[in-house]
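Here is the file final.txt (compact mmCIF, C-alpha atoms).
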```txt
# COMPACT_ATOMS: atom_id res chain seq x y z
CA MET A 1 -98.92 -35.39 -5.69
CA LYS A 2 -96.11 -33.03 -4.75
CA ARG A 3 -93.28 -32.40 -7.26
CA ARG A 4 -89.77 -33.22 -5.92
CA GLN A 5 -87.46 -30.23 -5.62
CA ALA A 6 -84.57 -30.16 -8.07
CA GLY A 7 -81.00 -29.01 -7.21
CA LEU A 8 -79.02 -28.96 -3.95
CA GLY A 9 -80.46 -28.21 -0.59
CA LEU A 10 -78.93 -26.03 2.11
CA ILE A 11 -77.29 -28.95 3.90
CA GLU A 12 -75.67 -30.26 0.72
CA THR A 13 -74.39 -26.78 -0.12
CA LEU A 14 -72.87 -26.32 3.33
CA LEU A 15 -71.21 -29.73 3.16
CA ALA A 16 -69.75 -28.92 -0.24
CA LEU A 17 -68.42 -25.59 0.99
CA ALA A 18 -66.90 -27.22 4.08
CA LEU A 19 -65.23 -29.90 1.95
CA ALA A 20 -63.90 -27.29 -0.45
CA ALA A 21 -62.54 -25.27 2.47
CA LEU A 22 -60.77 -28.34 3.85
CA LEU A 23 -59.27 -29.14 0.47
CA LEU A 24 -58.15 -25.53 0.00
CA ALA A 25 -56.58 -25.44 3.47
CA GLY A 26 -54.74 -28.70 2.79
CA ALA A 27 -53.51 -27.43 -0.57
CA SER A 28 -52.39 -24.16 1.02
CA ARG A 29 -50.42 -25.98 3.70
CA LEU A 30 -48.84 -28.22 1.08
CA PHE A 31 -47.91 -25.19 -1.04
CA LEU A 32 -46.45 -23.32 1.96
CA SER A 33 -44.46 -26.38 3.01
CA ALA A 34 -43.09 -26.85 -0.50
CA HIS A 35 -42.25 -23.14 -0.75
CA GLN A 36 -40.47 -23.18 2.59
CA ALA A 37 -38.46 -26.26 1.60
CA TRP A 38 -37.54 -24.60 -1.70
CA ALA A 39 -36.49 -21.41 0.11
CA GLN A 40 -34.39 -23.38 2.63
CA GLN A 41 -32.66 -25.26 -0.18
CA GLY A 42 -31.90 -21.96 -1.89
CA ALA A 43 -30.51 -20.46 1.32
CA ALA A 44 -28.36 -23.56 1.91
CA ALA A 45 -27.02 -23.39 -1.64
CA ARG A 46 -26.15 -19.71 -1.21
CA LEU A 47 -24.27 -20.44 2.01
CA GLN A 48 -22.34 -23.22 0.28
CA ASP A 49 -21.43 -21.00 -2.68
CA ASP A 50 -20.33 -18.14 -0.41
CA ALA A 51 -18.19 -20.46 1.71
CA ARG A 52 -16.59 -22.09 -1.32
CA LEU A 53 -15.60 -18.77 -2.87
CA VAL A 54 -14.22 -17.32 0.37
CA LEU A 55 -12.27 -20.45 1.29
CA GLN A 56 -10.77 -20.61 -2.21
CA ARG A 57 -9.62 -16.99 -1.87
CA ILE A 58 -8.13 -17.62 1.57
CA ALA A 59 -6.37 -20.74 0.25
CA GLU A 60 -4.79 -18.77 -2.60
CA ASP A 61 -3.43 -16.18 -0.16
CA VAL A 62 -2.16 -18.89 2.20
CA ARG A 63 -0.22 -20.47 -0.66
CA MET A 64 1.47 -17.12 -1.33
CA ALA A 65 2.32 -16.47 2.33
CA GLY A 66 6.09 -16.37 2.79
CA MET A 67 6.70 -15.98 -0.95
CA PHE A 68 9.25 -13.16 -1.16
CA GLY A 69 11.06 -13.75 -4.42
CA CYS A 70 13.84 -15.90 -5.75
CA LEU A 71 16.50 -15.29 -3.05
CA GLN A 72 16.58 -15.98 0.67
CA LEU A 73 16.33 -12.61 2.37
CA GLN A 74 18.89 -11.59 4.97
CA GLY A 75 18.73 -9.05 7.78
CA ALA A 76 20.59 -6.40 5.78
CA ASP A 77 18.00 -6.64 2.99
CA PHE A 78 15.31 -4.98 5.10
CA GLY A 79 14.87 -1.27 5.52
CA SER A 80 13.57 -1.50 9.11
CA PRO A 81 13.27 -4.02 11.97
CA ASP A 82 9.46 -3.85 11.73
CA THR A 83 9.59 -5.00 8.12
CA ALA A 84 11.98 -7.81 9.01
CA ARG A 85 9.63 -9.01 11.76
CA ALA A 86 6.65 -8.93 9.39
CA PHE A 87 8.51 -11.06 6.85
CA ALA A 88 9.77 -13.43 9.57
CA GLU A 89 6.19 -14.27 10.61
CA PRO A 90 4.17 -14.45 7.38
CA ILE A 91 1.35 -16.39 9.06
CA THR A 92 -0.32 -15.16 12.25
CA ILE A 93 -3.38 -16.93 13.67
CA GLY A 94 -5.66 -15.12 16.10
CA GLN A 95 -9.09 -15.54 17.61
CA GLY A 96 -11.34 -15.34 14.56
CA SER A 97 -8.54 -13.91 12.41
CA LEU A 98 -5.79 -14.91 10.01
CA THR A 99 -3.04 -12.50 8.93
CA LEU A 100 -0.81 -13.32 5.97
CA VAL A 101 2.26 -11.67 4.48
CA GLY A 102 3.32 -12.73 1.01
CA ALA A 103 3.44 -12.01 -2.69
CA ALA A 104 0.39 -10.01 -3.75
CA LEU A 105 -2.22 -11.63 -5.94
CA PRO A 106 -3.96 -9.53 -8.61
CA GLY A 107 -7.38 -8.05 -7.95
CA LEU A 108 -6.75 -5.93 -4.87
CA SER A 109 -6.84 -2.16 -5.09
CA GLY A 110 -4.16 0.13 -3.72
CA ALA A 111 -0.39 -0.07 -3.54
CA PRO A 112 1.37 -3.01 -1.89
CA ASP A 113 2.87 -2.68 1.58
CA TRP A 114 6.36 -3.52 0.34
CA THR A 115 8.27 -4.38 -2.84
CA VAL A 116 11.12 -6.87 -3.03
CA LEU A 117 13.66 -5.64 -5.57
CA THR A 118 16.16 -8.28 -6.72
CA ASP A 119 18.24 -9.45 -9.65
CA CYS A 120 17.58 -13.07 -8.59
CA HIS A 121 21.34 -13.74 -8.59
CA SER A 122 23.26 -11.86 -5.95
CA TRP A 123 21.22 -9.19 -4.16
CA ALA A 124 17.77 -8.27 -2.91
CA LYS A 125 16.30 -5.26 -1.14
CA VAL A 126 12.92 -4.73 0.53
CA GLN A 127 11.44 -1.27 -0.02
CA ASP A 128 8.26 0.26 1.39
CA GLY A 129 5.39 0.86 -1.02
CA GLN A 130 5.26 0.16 -4.73
CA HIS A 131 8.20 0.04 -7.15
CA VAL A 132 8.47 -1.05 -10.77
CA SER A 133 10.65 -3.60 -12.48
CA GLY A 134 13.59 -2.55 -14.59
CA GLU A 135 16.22 -4.12 -16.79
CA ASN A 136 17.45 -7.29 -15.07
CA LEU A 137 15.43 -6.23 -12.02
CA LEU A 138 12.44 -8.05 -10.55
CA ALA A 139 9.98 -6.04 -8.47
CA LEU A 140 7.77 -8.35 -6.40
CA PRO A 141 4.84 -6.65 -4.61
CA VAL A 142 4.18 -7.94 -1.10
CA ARG A 143 1.04 -7.35 0.97
CA ARG A 144 -0.13 -7.91 4.50
CA LEU A 145 -3.67 -9.32 4.42
CA SER A 146 -5.88 -9.87 7.42
CA TYR A 147 -9.06 -11.94 7.42
CA GLN A 148 -11.07 -10.91 10.47
CA LEU A 149 -14.46 -11.96 11.83
CA ARG A 150 -16.42 -8.99 13.16
CA ASP A 151 -20.11 -8.90 14.11
CA GLY A 152 -21.01 -11.88 11.94
CA SER A 153 -19.13 -10.67 8.84
CA LEU A 154 -15.79 -11.88 7.52
CA SER A 155 -13.72 -8.95 6.26
CA LEU A 156 -10.51 -8.69 4.26
CA ILE A 157 -8.38 -5.86 5.61
CA THR A 158 -5.33 -4.39 3.89
CA ARG A 159 -3.48 -1.10 4.19
CA SER A 160 -5.81 0.55 1.66
CA GLN A 161 -9.15 -1.23 2.04
CA ASN A 162 -11.54 -2.91 4.43
CA ALA A 163 -13.95 -5.10 2.46
CA SER A 164 -16.71 -7.33 3.83
CA LEU A 165 -16.50 -10.66 2.03
CA ILE A 166 -19.37 -12.67 3.49
CA ASP A 167 -22.12 -12.27 6.09
CA ASN A 168 -23.79 -14.83 8.37
CA VAL A 169 -20.43 -16.08 9.64
CA LYS A 170 -20.61 -17.68 13.08
CA ALA A 171 -16.99 -18.72 13.50
CA LEU A 172 -13.60 -18.77 11.76
CA GLN A 173 -11.15 -21.34 13.10
CA VAL A 174 -7.60 -21.75 11.78
CA THR A 175 -5.22 -24.46 12.97
CA ARG A 176 -1.61 -24.96 11.98
CA VAL A 177 -0.85 -28.66 11.68
CA GLU A 178 2.48 -30.45 11.38
CA ALA A 179 2.28 -33.66 9.36
CA GLU A 180 4.73 -36.07 7.78
CA GLU A 181 4.22 -34.52 4.37
CA GLY A 182 4.79 -31.00 5.74
CA GLU A 183 2.90 -28.24 7.50
CA ARG A 184 -0.59 -27.15 6.56
CA LEU A 185 -3.38 -24.85 7.67
CA ASP A 186 -6.77 -26.35 8.47
CA ILE A 187 -9.42 -23.66 8.02
CA GLN A 188 -13.02 -24.08 9.17
CA LEU A 189 -15.78 -21.63 8.41
CA THR A 190 -19.10 -21.92 10.25
CA LEU A 191 -22.05 -20.15 8.62
CA TYR A 192 -25.48 -19.56 10.15
CA ASP A 193 -28.64 -18.24 8.53
CA PRO A 194 -30.97 -17.01 11.30
CA ARG A 195 -33.98 -16.75 9.02
CA TYR A 196 -34.07 -20.44 8.20
CA GLN A 197 -32.11 -21.68 11.24
CA LEU A 198 -29.44 -23.17 9.01
CA GLU A 199 -25.91 -23.89 10.20
CA GLN A 200 -23.16 -25.21 7.96
CA GLN A 201 -19.49 -26.01 8.52
CA HIS A 202 -17.05 -25.84 5.63
CA ARG A 203 -13.39 -26.89 5.79
CA ILE A 204 -10.29 -26.67 3.66
CA SER A 205 -6.69 -27.75 4.22
CA VAL A 206 -3.87 -25.81 2.56
CA ALA A 207 -0.26 -26.92 2.40
CA LEU A 208 2.34 -24.32 3.39
CA ARG A 209 4.73 -23.92 0.50
CA ASN A 210 7.21 -21.25 1.55
CA LEU A 211 8.49 -22.27 4.97
CA ALA A 212 12.06 -21.26 4.07
CA ALA A 213 10.96 -17.64 4.33
CA GLU A 214 10.31 -18.16 8.05
CA ALA A 215 13.75 -19.44 8.87
```
I need this file expressed as structure tokens, please.
Amino acid sequence: MKRRQAGLGLIETLLALALAALLLAGASRLFLSAHQAWAQQGAAARLQDDARLVLQRIAEDVRMAGMFGCLQLQGADFGSPDTARAFAEPITIGQGSLTLVGAALPGLSGAPDWTVLTDCHSWAKVQDGQHVSGENLLALPVRRLSYQLRDGSLSLITRSQNASLIDNVKALQVTRVEAEEGERLDIQLTLYDPRYQLEQQHRISVALRNLAAEA
């Protein structure tokens, strides 16, 4: 009588290897799919964070546009017609750009474009460059800021700097809207990540506070 062979034969071994290969391939595809989904979620979150920070900064500058101190400025208060025109139009909307003139917020390097010197009672004077406050004298720094979309990057441009704020920007749209409660700017930022084919649109509306400066 022949003794039965113990262990696995060639066919059983090949079947086991094939099954293991199928399981490994399925697990690999599942892992790659989960990794890609995780990476896409991370990219989407980064776009959202970038848009939120940039729109908040733009909103702060919009709120300061037209803010030139405690007195209504007159023609004789300006040192040049160019300065008077800049103050008369503190908000300029272009194709993929927004230019603002108003009281300077902290955090920007370099000297301001102008300084409004005033006693807040009877007189005011607009001087070029930076000046300091004195006794019973307010010195309000004023800047011209320009947000411009160039080659997929949104930049903040001032007299002394040109800083890229955010990349992967597809479009910047700014609309000035008149409403019953007053004027506002509607700002839409469209971001696009080519690696993950992600496109997001982010919006913010900002009320215009200092319209008297444009009179």
Write out as a PDB file with C-alpha atoms, in the frame of the given file which residues come within 10 Å of stretch 30-42 of chain A when counting all atoms listed in the file, dropping same-chain ones fewer than 6 positions away.
```pdb
ATOM      1  CA  LEU A  24     -58.150 -25.530   0.000  1.00  0.00           C
ATOM      2  CA  GLN A  48     -22.340 -23.220   0.280  1.00  0.00           C
ATOM      3  CA  ASP A 193     -28.640 -18.240   8.530  1.00  0.00           C
ATOM      4  CA  ARG A 195     -33.980 -16.750   9.020  1.00  0.00           C
ATOM      5  CA  TYR A 196     -34.070 -20.440   8.200  1.00  0.00           C
ATOM      6  CA  GLN A 197     -32.110 -21.680  11.240  1.00  0.00           C
ATOM      7  CA  LEU A 198     -29.440 -23.170   9.010  1.00  0.00           C
TER       8      LEU A 198
END
```
>> For A:Asp128, find every residue with an atom within 8 Å (counting all atoms listed in the file), except residues of its own chain fewer than 5 positions away, and show them as a ChimeraX atom specification.
In response: /A:79,113-115
Contacts of stretch 182-189 of chain A at 10 Å or less, counting all atoms listed in the file, minus same-chain residues fewer than 2 places along, as a PDB file with C-alpha atoms, in the frame of the given file?
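Saved the output as out_26.pdb:
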```
ATOM      1  CA  ALA A  51     -18.190 -20.460   1.710  1.00  0.00           C
ATOM      2  CA  ARG A  52     -16.590 -22.090  -1.320  1.00  0.00           C
ATOM      3  CA  VAL A  54     -14.220 -17.320   0.370  1.00  0.00           C
ATOM      4  CA  LEU A  55     -12.270 -20.450   1.290  1.00  0.00           C
ATOM      5  CA  ILE A  58      -8.130 -17.620   1.570  1.00  0.00           C
ATOM      6  CA  ALA A  59      -6.370 -20.740   0.250  1.00  0.00           C
ATOM      7  CA  VAL A  62      -2.160 -18.890   2.200  1.00  0.00           C
ATOM      8  CA  ARG A  63      -0.220 -20.470  -0.660  1.00  0.00           C
ATOM      9  CA  ILE A  91       1.350 -16.390   9.060  1.00  0.00           C
ATOM     10  CA  ILE A  93      -3.380 -16.930  13.670  1.00  0.00           C
ATOM     11  CA  GLY A  96     -11.340 -15.340  14.560  1.00  0.00           C
ATOM     12  CA  LEU A  98      -5.790 -14.910  10.010  1.00  0.00           C
ATOM     13  CA  LEU A 154     -15.790 -11.880   7.520  1.00  0.00           C
ATOM     14  CA  VAL A 169     -20.430 -16.080   9.640  1.00  0.00           C
ATOM     15  CA  LYS A 170     -20.610 -17.680  13.080  1.00  0.00           C
ATOM     16  CA  ALA A 171     -16.990 -18.720  13.500  1.00  0.00           C
ATOM     17  CA  LEU A 172     -13.600 -18.770  11.760  1.00  0.00           C
ATOM     18  CA  GLN A 173     -11.150 -21.340  13.100  1.00  0.00           C
ATOM     19  CA  VAL A 174      -7.600 -21.750  11.780  1.00  0.00           C
ATOM     20  CA  THR A 175      -5.220 -24.460  12.970  1.00  0.00           C
ATOM     21  CA  ARG A 176      -1.610 -24.960  11.980  1.00  0.00           C
ATOM     22  CA  VAL A 177      -0.850 -28.660  11.680  1.00  0.00           C
ATOM     23  CA  GLU A 178       2.480 -30.450  11.380  1.00  0.00           C
ATOM     24  CA  ALA A 179       2.280 -33.660   9.360  1.00  0.00           C
ATOM     25  CA  GLU A 180       4.730 -36.070   7.780  1.00  0.00           C
ATOM     26  CA  LEU A 191     -22.050 -20.150   8.620  1.00  0.00           C
ATOM     27  CA  GLN A 200     -23.160 -25.210   7.960  1.00  0.00           C
ATOM     28  CA  GLN A 201     -19.490 -26.010   8.520  1.00  0.00           C
ATOM     29  CA  HIS A 202     -17.050 -25.840   5.630  1.00  0.00           C
ATOM     30  CA  ARG A 203     -13.390 -26.890   5.790  1.00  0.00           C
ATOM     31  CA  ILE A 204     -10.290 -26.670   3.660  1.00  0.00           C
ATOM     32  CA  SER A 205      -6.690 -27.750   4.220  1.00  0.00           C
ATOM     33  CA  VAL A 206      -3.870 -25.810   2.560  1.00  0.00           C
ATOM     34  CA  ALA A 207      -0.260 -26.920   2.400  1.00  0.00           C
ATOM     35  CA  LEU A 208       2.340 -24.320   3.390  1.00  0.00           C
ATOM     36  CA  ARG A 209       4.730 -23.920   0.500  1.00  0.00           C
ATOM     37  CA  LEU A 211       8.490 -22.270   4.970  1.00  0.00           C
TER      38      LEU A 211
END
```
>> Here is a test: counting only C-alpha atoms, which residue of A:Leu73, A:Ile11, A:Ala44, A:Leu149 is nearest to A:Ser122?
In response: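 Once distances to A:Ser122 are computed over only C-alpha atoms, the minimum belongs to A:Leu73.
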